[in-house]
Amino acid sequence: MQTAAIPPGPTEGFDLGGSDESLIKLREYFEQFGNTYRVFAPSRGVYNYVINHPDDIKRVLLSNHRNYIKGEGIDRVKILLGTGIMTSEGDFWRRQRRMMQPSFHRRVIDQFSALLHEINEHYAERWSAAAARGQPINLTEEVSELTLEIVLRSIFGADLARLKRQSGVNPFHVVAKEQNRDLKFAFRFRSLTKVAAEIIETRRREQTEHFDFLSMLMASRDRETDEPMSNRELIDELLTLIVAGHETTAAALTWTWYLLSQHRVVAQQIEEETDRYSAQTLSLGAAESLKYTHQVIQEALRLYPPGWLLTRRSLEADELGGFPIAARTDVFISPYMLHRHPDFWSQPEDFKPERFAGDDAAERHRFAYIPFAVGPRHCIGENIAMFEMLVHVHSMARRFRLTRADNEPIELEAHINLRPRSNLMMMVNKR
């Protein structure tokens with residue numbers, strides 16, 4: 001059977017990923033053109049390809065991944081993050097990934113359990129005070145600040161408190177407070193390289209011991225040359241961890257609490273599960289034993305994956321969905337669309353945590369669910385992100401029941417991450 005030379009696609013042009021309308025267009029195009037199609041991008045004068053079938057996604061992200069590099073939009077991310085593992089390619093990326101990987105081993109992550117407990121306890125006190133006053137909390141801001149504190153303290157340890165004492169403020173607060181990810185934010189964020197460089201130099205000079213990601217990355221060595229990371233390399237990786245580790249987790253928790261507020265039976269089942277665990281400080285293993293809570297978070301990530309759009313660019317010609325793909329072609333993958341694909345998900349628009357248990361989970365196509373991507377470039381922080389979310393939901397569900405403070409419809413904001421367009425206000429009720 002001869003393959004068709006050109007996949008179907010819309011007659012009008014559209015720049016995918018350039019606006020909130022992208023999500024609407026992806027839905028429309030999937031209904032019209034199915035698993036593989038192309039869209040003309042007016043801004044670049046080229047055709048972008050979109051793939052929706054798990055077999056093709058597996059090929060791009062795993063089985064033929066060496067033929068694909070990061071695609072459209074990565075230059076804008078480089079302005080913000082430099083050449084960390086999110087943006088780098090080739091041998092340099094492989095070197096950095098190998099050096100960083102041991103820091104994210106399960107036995108290392110488990111040692112952050114006390115930190116997670118401490119920070120969630122602090123926010124539980126804030127939520128308890130709001131409940132006593134009968135005032136709503138800005139859930140969006142609360143989880144943004146909470147996840148930022150976790151990521152900063154896990155990276156910088158005691159140095160973060162020292163910086164706050166010296167300057168009177170958290171120098172990294174701009175990450176949570178400033179919502180726009182434009183050039184102005186990129187400039188302010190990159191100015192934090194000076195702060196990171198000062199911490200690195202102080203540690204090199206004082207030779208003090210720390211348990212945090214910075215200490216681990218400073219101690220890491222290239223397995224071939226035994227060379228450490230340079231200061232510039234360290235800083236780019238630190239800034240990458242701050243942005244990636246904060247924003248995606250904050251968005252996921254916002255969606256989780258929203259869904260729980262809309263599904264009382266599910267929230268009640270989580271409460272019952274949390275009540276069965278007497279330990280307050282959860283180890284990684286104990287957190288993972290919260291099976292139903294885990295399923296709820298997985299289902300929230302299915303419906304609203306923070307990383308809603310991935311791009312790759314082919315180095316050489318390939319074939320996807322029965323169509324030839326030329327070299328230097330940008331290929332778009334939307335986990336949001338994939339996670340709602342009716343061929344792989346029953347009742348895909350419904351919130352059903354139980355779909356991640358039993359036969360449903362076992363029989364599902366492995367590449368139909370990719371909230372952390374897949375293959376060699378899957379999210380290095382997947383385990384710690386899940387640990388963080390499990391501990392948070394468990395900590396708060398033991399004490400509180402959250403309900404919407406208003407009935408305003410939730411609109412999607414599909415920029416770098418997928419999140420609600422407006423802040424989510426919640427009433428906190430003590431259980």
# chains A, B, ... in the order shown; residues from 1 in each chain; ligands from 1

$ select_by_dssp --residues "range 359-415 of chain A" --states "helix (DSSP H, G or I)" --output "PDB file with N, CA and C atoms, in the first residue's frame"
ATOM      1  N   ASP A 359      -8.046  -3.478  35.775  1.00  0.00           N
ATOM      2  CA  ASP A 359      -7.882  -3.862  34.372  1.00  0.00           C
ATOM      3  C   ASP A 359      -7.740  -2.655  33.455  1.00  0.00           C
ATOM      4  N   ASP A 360      -8.447  -1.565  33.757  1.00  0.00           N
ATOM      5  CA  ASP A 360      -8.365  -0.382  32.906  1.00  0.00           C
ATOM      6  C   ASP A 360      -6.922   0.086  32.757  1.00  0.00           C
ATOM      7  N   ALA A 361      -6.230   0.164  33.881  1.00  0.00           N
ATOM      8  CA  ALA A 361      -4.851   0.634  33.856  1.00  0.00           C
ATOM      9  C   ALA A 361      -3.931  -0.372  33.176  1.00  0.00           C
ATOM     10  N   ALA A 362      -4.164  -1.660  33.427  1.00  0.00           N
ATOM     11  CA  ALA A 362      -3.289  -2.700  32.876  1.00  0.00           C
ATOM     12  C   ALA A 362      -3.421  -2.827  31.366  1.00  0.00           C
ATOM     13  N   GLU A 363      -4.608  -2.622  30.844  1.00  0.00           N
ATOM     14  CA  GLU A 363      -4.855  -2.843  29.424  1.00  0.00           C
ATOM     15  C   GLU A 363      -4.637  -1.603  28.562  1.00  0.00           C
ATOM     16  N   ARG A 366       0.363   1.985  26.690  1.00  0.00           N
ATOM     17  CA  ARG A 366       1.347   2.598  27.586  1.00  0.00           C
ATOM     18  C   ARG A 366       1.620   4.061  27.244  1.00  0.00           C
ATOM     19  N   PHE A 367       1.498   4.408  25.969  1.00  0.00           N
ATOM     20  CA  PHE A 367       1.839   5.767  25.553  1.00  0.00           C
ATOM     21  C   PHE A 367       0.613   6.647  25.332  1.00  0.00           C
ATOM     22  N   ALA A 368      -0.527   6.230  25.933  1.00  0.00           N
ATOM     23  CA  ALA A 368      -1.731   7.062  25.888  1.00  0.00           C
ATOM     24  C   ALA A 368      -1.782   8.041  27.059  1.00  0.00           C
ATOM     25  N   GLY A 375      10.249   8.497  27.535  1.00  0.00           N
ATOM     26  CA  GLY A 375      11.527   8.348  26.849  1.00  0.00           C
ATOM     27  C   GLY A 375      12.664   8.979  27.618  1.00  0.00           C
ATOM     28  N   PRO A 376      13.830   9.094  26.986  1.00  0.00           N
ATOM     29  CA  PRO A 376      15.010   9.622  27.673  1.00  0.00           C
ATOM     30  C   PRO A 376      14.822  11.033  28.224  1.00  0.00           C
ATOM     31  N   ARG A 377      13.916  11.816  27.623  1.00  0.00           N
ATOM     32  CA  ARG A 377      13.740  13.190  28.070  1.00  0.00           C
ATOM     33  C   ARG A 377      12.494  13.363  28.932  1.00  0.00           C
ATOM     34  N   GLU A 382       9.869  13.676  38.107  1.00  0.00           N
ATOM     35  CA  GLU A 382       8.550  13.047  38.216  1.00  0.00           C
ATOM     36  C   GLU A 382       8.307  12.477  39.617  1.00  0.00           C
ATOM     37  N   ASN A 383       9.247  11.732  40.160  1.00  0.00           N
ATOM     38  CA  ASN A 383       9.033  11.081  41.462  1.00  0.00           C
ATOM     39  C   ASN A 383       8.877  12.081  42.590  1.00  0.00           C
ATOM     40  N   ILE A 384       9.702  13.124  42.574  1.00  0.00           N
ATOM     41  CA  ILE A 384       9.588  14.083  43.676  1.00  0.00           C
ATOM     42  C   ILE A 384       8.325  14.920  43.521  1.00  0.00           C
ATOM     43  N   ALA A 385       7.892  15.175  42.292  1.00  0.00           N
ATOM     44  CA  ALA A 385       6.648  15.919  42.088  1.00  0.00           C
ATOM     45  C   ALA A 385       5.456  15.124  42.617  1.00  0.00           C
ATOM     46  N   MET A 386       5.412  13.826  42.309  1.00  0.00           N
ATOM     47  CA  MET A 386       4.313  13.000  42.807  1.00  0.00           C
ATOM     48  C   MET A 386       4.359  12.889  44.327  1.00  0.00           C
ATOM     49  N   PHE A 387       5.552  12.751  44.889  1.00  0.00           N
ATOM     50  CA  PHE A 387       5.719  12.696  46.344  1.00  0.00           C
ATOM     51  C   PHE A 387       5.169  13.970  46.975  1.00  0.00           C
ATOM     52  N   GLU A 388       5.548  15.092  46.406  1.00  0.00           N
ATOM     53  CA  GLU A 388       5.115  16.393  46.913  1.00  0.00           C
ATOM     54  C   GLU A 388       3.596  16.534  46.866  1.00  0.00           C
ATOM     55  N   MET A 389       2.977  16.117  45.763  1.00  0.00           N
ATOM     56  CA  MET A 389       1.530  16.250  45.620  1.00  0.00           C
ATOM     57  C   MET A 389       0.781  15.312  46.551  1.00  0.00           C
ATOM     58  N   LEU A 390       1.267  14.089  46.674  1.00  0.00           N
ATOM     59  CA  LEU A 390       0.624  13.139  47.580  1.00  0.00           C
ATOM     60  C   LEU A 390       0.664  13.624  49.025  1.00  0.00           C
ATOM     61  N   VAL A 391       1.825  14.117  49.447  1.00  0.00           N
ATOM     62  CA  VAL A 391       1.957  14.608  50.822  1.00  0.00           C
ATOM     63  C   VAL A 391       1.033  15.810  51.043  1.00  0.00           C
ATOM     64  N   HIS A 392       0.982  16.709  50.076  1.00  0.00           N
ATOM     65  CA  HIS A 392       0.137  17.899  50.236  1.00  0.00           C
ATOM     66  C   HIS A 392      -1.342  17.537  50.350  1.00  0.00           C
ATOM     67  N   VAL A 393      -1.845  16.747  49.410  1.00  0.00           N
ATOM     68  CA  VAL A 393      -3.267  16.400  49.445  1.00  0.00           C
ATOM     69  C   VAL A 393      -3.601  15.640  50.728  1.00  0.00           C
ATOM     70  N   HIS A 394      -2.720  14.719  51.119  1.00  0.00           N
ATOM     71  CA  HIS A 394      -2.938  13.972  52.361  1.00  0.00           C
ATOM     72  C   HIS A 394      -2.960  14.905  53.572  1.00  0.00           C
ATOM     73  N   SER A 395      -1.989  15.805  53.636  1.00  0.00           N
ATOM     74  CA  SER A 395      -1.881  16.704  54.790  1.00  0.00           C
ATOM     75  C   SER A 395      -3.120  17.572  54.938  1.00  0.00           C
ATOM     76  N   MET A 396      -3.606  18.108  53.819  1.00  0.00           N
ATOM     77  CA  MET A 396      -4.740  19.032  53.892  1.00  0.00           C
ATOM     78  C   MET A 396      -6.075  18.301  54.001  1.00  0.00           C
ATOM     79  N   ALA A 397      -6.229  17.178  53.324  1.00  0.00           N
ATOM     80  CA  ALA A 397      -7.501  16.445  53.379  1.00  0.00           C
ATOM     81  C   ALA A 397      -7.755  15.850  54.759  1.00  0.00           C
TER      82      ALA A 397
END

$ residues_around --residues "Leu234 in chain A" --least-positions-apart "4" --cutoff "9 Å" --atoms "only C-alpha atoms" --output "list in words"
Gly84, Ala196, Ala197, Ile200, Leu214, Leu217, Met218, Met229, Ser230, Leu238 and Leu239 of chain A

$ write_last_selection --atoms "N, CA and C atoms" --output "mmCIF file, in the first residue's frame"
data_model
loop_
_atom_site.group_PDB
_atom_site.id
_atom_site.type_symbol
_atom_site.label_atom_id
_atom_site.label_comp_id
_atom_site.auth_asym_id
_atom_site.auth_seq_id
_atom_site.Cartn_x
_atom_site.Cartn_y
_atom_site.Cartn_z
ATOM 1 N N GLY A 84 19.857 24.610 30.284
ATOM 2 C CA GLY A 84 19.651 23.521 31.232
ATOM 3 C C GLY A 84 19.118 22.293 30.509
ATOM 4 N N ALA A 196 22.198 33.156 42.672
ATOM 5 C CA ALA A 196 22.650 31.764 42.649
ATOM 6 C C ALA A 196 24.169 31.688 42.634
ATOM 7 N N ALA A 197 24.809 32.564 41.865
ATOM 8 C CA ALA A 197 26.278 32.556 41.790
ATOM 9 C C ALA A 197 26.899 32.875 43.147
ATOM 10 N N ILE A 200 26.722 29.790 45.345
ATOM 11 C CA ILE A 200 27.709 28.789 44.901
ATOM 12 C C ILE A 200 29.105 29.175 45.363
ATOM 13 N N LEU A 214 21.449 21.657 45.310
ATOM 14 C CA LEU A 214 22.638 22.398 44.917
ATOM 15 C C LEU A 214 23.893 21.668 45.359
ATOM 16 N N LEU A 217 24.428 18.647 43.130
ATOM 17 C CA LEU A 217 24.872 18.988 41.775
ATOM 18 C C LEU A 217 26.310 19.504 41.783
ATOM 19 N N MET A 218 26.689 20.235 42.822
ATOM 20 C CA MET A 218 28.074 20.703 42.913
ATOM 21 C C MET A 218 29.042 19.533 43.082
ATOM 22 N N MET A 229 30.372 20.374 37.072
ATOM 23 C CA MET A 229 29.705 21.402 36.274
ATOM 24 C C MET A 229 30.376 22.746 36.520
ATOM 25 N N SER A 230 30.413 23.566 35.491
ATOM 26 C CA SER A 230 30.882 24.939 35.661
ATOM 27 C C SER A 230 29.804 25.739 36.382
ATOM 28 N N LEU A 238 19.914 25.041 37.916
ATOM 29 C CA LEU A 238 19.153 25.482 39.090
ATOM 30 C C LEU A 238 17.911 26.264 38.677
ATOM 31 N N LEU A 239 18.079 27.192 37.728
ATOM 32 C CA LEU A 239 16.934 27.978 37.275
ATOM 33 C C LEU A 239 15.904 27.101 36.583
#

$ closest_residue --among "A:Arg355, A:Leu290, A:Gly18, A:Ser220" --to "Asp275 in chain A" --atoms "only C-alpha atoms"
A:Leu290

$ atom_distance --atom1 "CA of Ile69 in chain A" --atom2 "CA of His105 in chain A"
25.7 Å

$ residues_around --residues "Phe351 in chain A" --least-positions-apart "5" --cutoff "10 Å" --atoms "only C-alpha atoms" --output "PyMOL selection string"
chain A and resi 259-260+262-263+266+296+299-300+302-303

$ write_last_selection --atoms "N, CA and C atoms" --output "PDB file, in the first residue's frame"
ATOM      1  N   LEU A 259     -11.091  19.848  40.987  1.00  0.00           N
ATOM      2  CA  LEU A 259     -11.864  18.639  40.698  1.00  0.00           C
ATOM      3  C   LEU A 259     -12.465  18.037  41.958  1.00  0.00           C
ATOM      4  N   LEU A 260     -11.718  18.048  43.059  1.00  0.00           N
ATOM      5  CA  LEU A 260     -12.254  17.527  44.317  1.00  0.00           C
ATOM      6  C   LEU A 260     -13.443  18.353  44.797  1.00  0.00           C
ATOM      7  N   GLN A 262     -15.570  19.681  42.985  1.00  0.00           N
ATOM      8  CA  GLN A 262     -16.709  19.402  42.108  1.00  0.00           C
ATOM      9  C   GLN A 262     -17.230  17.980  42.253  1.00  0.00           C
ATOM     10  N   HIS A 263     -16.500  17.132  42.970  1.00  0.00           N
ATOM     11  CA  HIS A 263     -16.881  15.714  43.076  1.00  0.00           C
ATOM     12  C   HIS A 263     -16.789  15.283  44.536  1.00  0.00           C
ATOM     13  N   VAL A 266     -15.738  11.630  45.540  1.00  0.00           N
ATOM     14  CA  VAL A 266     -14.298  11.381  45.406  1.00  0.00           C
ATOM     15  C   VAL A 266     -13.554  12.001  46.581  1.00  0.00           C
ATOM     16  N   VAL A 296      -6.405   9.813  42.081  1.00  0.00           N
ATOM     17  CA  VAL A 296      -7.041  11.121  41.901  1.00  0.00           C
ATOM     18  C   VAL A 296      -6.067  12.098  41.241  1.00  0.00           C
ATOM     19  N   GLU A 299      -5.573  11.209  37.630  1.00  0.00           N
ATOM     20  CA  GLU A 299      -6.717  11.599  36.814  1.00  0.00           C
ATOM     21  C   GLU A 299      -6.751  13.108  36.595  1.00  0.00           C
ATOM     22  N   ALA A 300      -6.339  13.889  37.596  1.00  0.00           N
ATOM     23  CA  ALA A 300      -6.236  15.337  37.414  1.00  0.00           C
ATOM     24  C   ALA A 300      -5.185  15.661  36.359  1.00  0.00           C
ATOM     25  N   ARG A 302      -4.372  13.720  33.967  1.00  0.00           N
ATOM     26  CA  ARG A 302      -4.897  13.291  32.666  1.00  0.00           C
ATOM     27  C   ARG A 302      -5.764  14.388  32.055  1.00  0.00           C
ATOM     28  N   LEU A 303      -6.712  14.887  32.830  1.00  0.00           N
ATOM     29  CA  LEU A 303      -7.638  15.885  32.315  1.00  0.00           C
ATOM     30  C   LEU A 303      -6.970  17.233  32.065  1.00  0.00           C
TER      31      LEU A 303
END

$ closest_residue --among "A:Val175, A:Leu309, A:Ile297, A:Ala41" --to "Phe332 in chain A" --atoms "only C-alpha atoms"
A:Leu309

$ residues_around --residues "range 125-135 of chain A" --least-positions-apart "6" --cutoff "8 Å" --atoms "only C-alpha atoms" --output "mmCIF file with C-alpha atoms, in the first residue's frame"
data_model
loop_
_atom_site.group_PDB
_atom_site.id
_atom_site.type_symbol
_atom_site.label_atom_id
_atom_site.label_comp_id
_atom_site.auth_asym_id
_atom_site.auth_seq_id
_atom_site.Cartn_x
_atom_site.Cartn_y
_atom_site.Cartn_z
ATOM 1 C CA MET A 427 -13.721 28.210 51.285
ATOM 2 C CA VAL A 428 -11.838 26.137 53.844
ATOM 3 C CA ASN A 429 -13.999 24.101 56.197
ATOM 4 C CA LYS A 430 -12.479 22.201 59.091
#
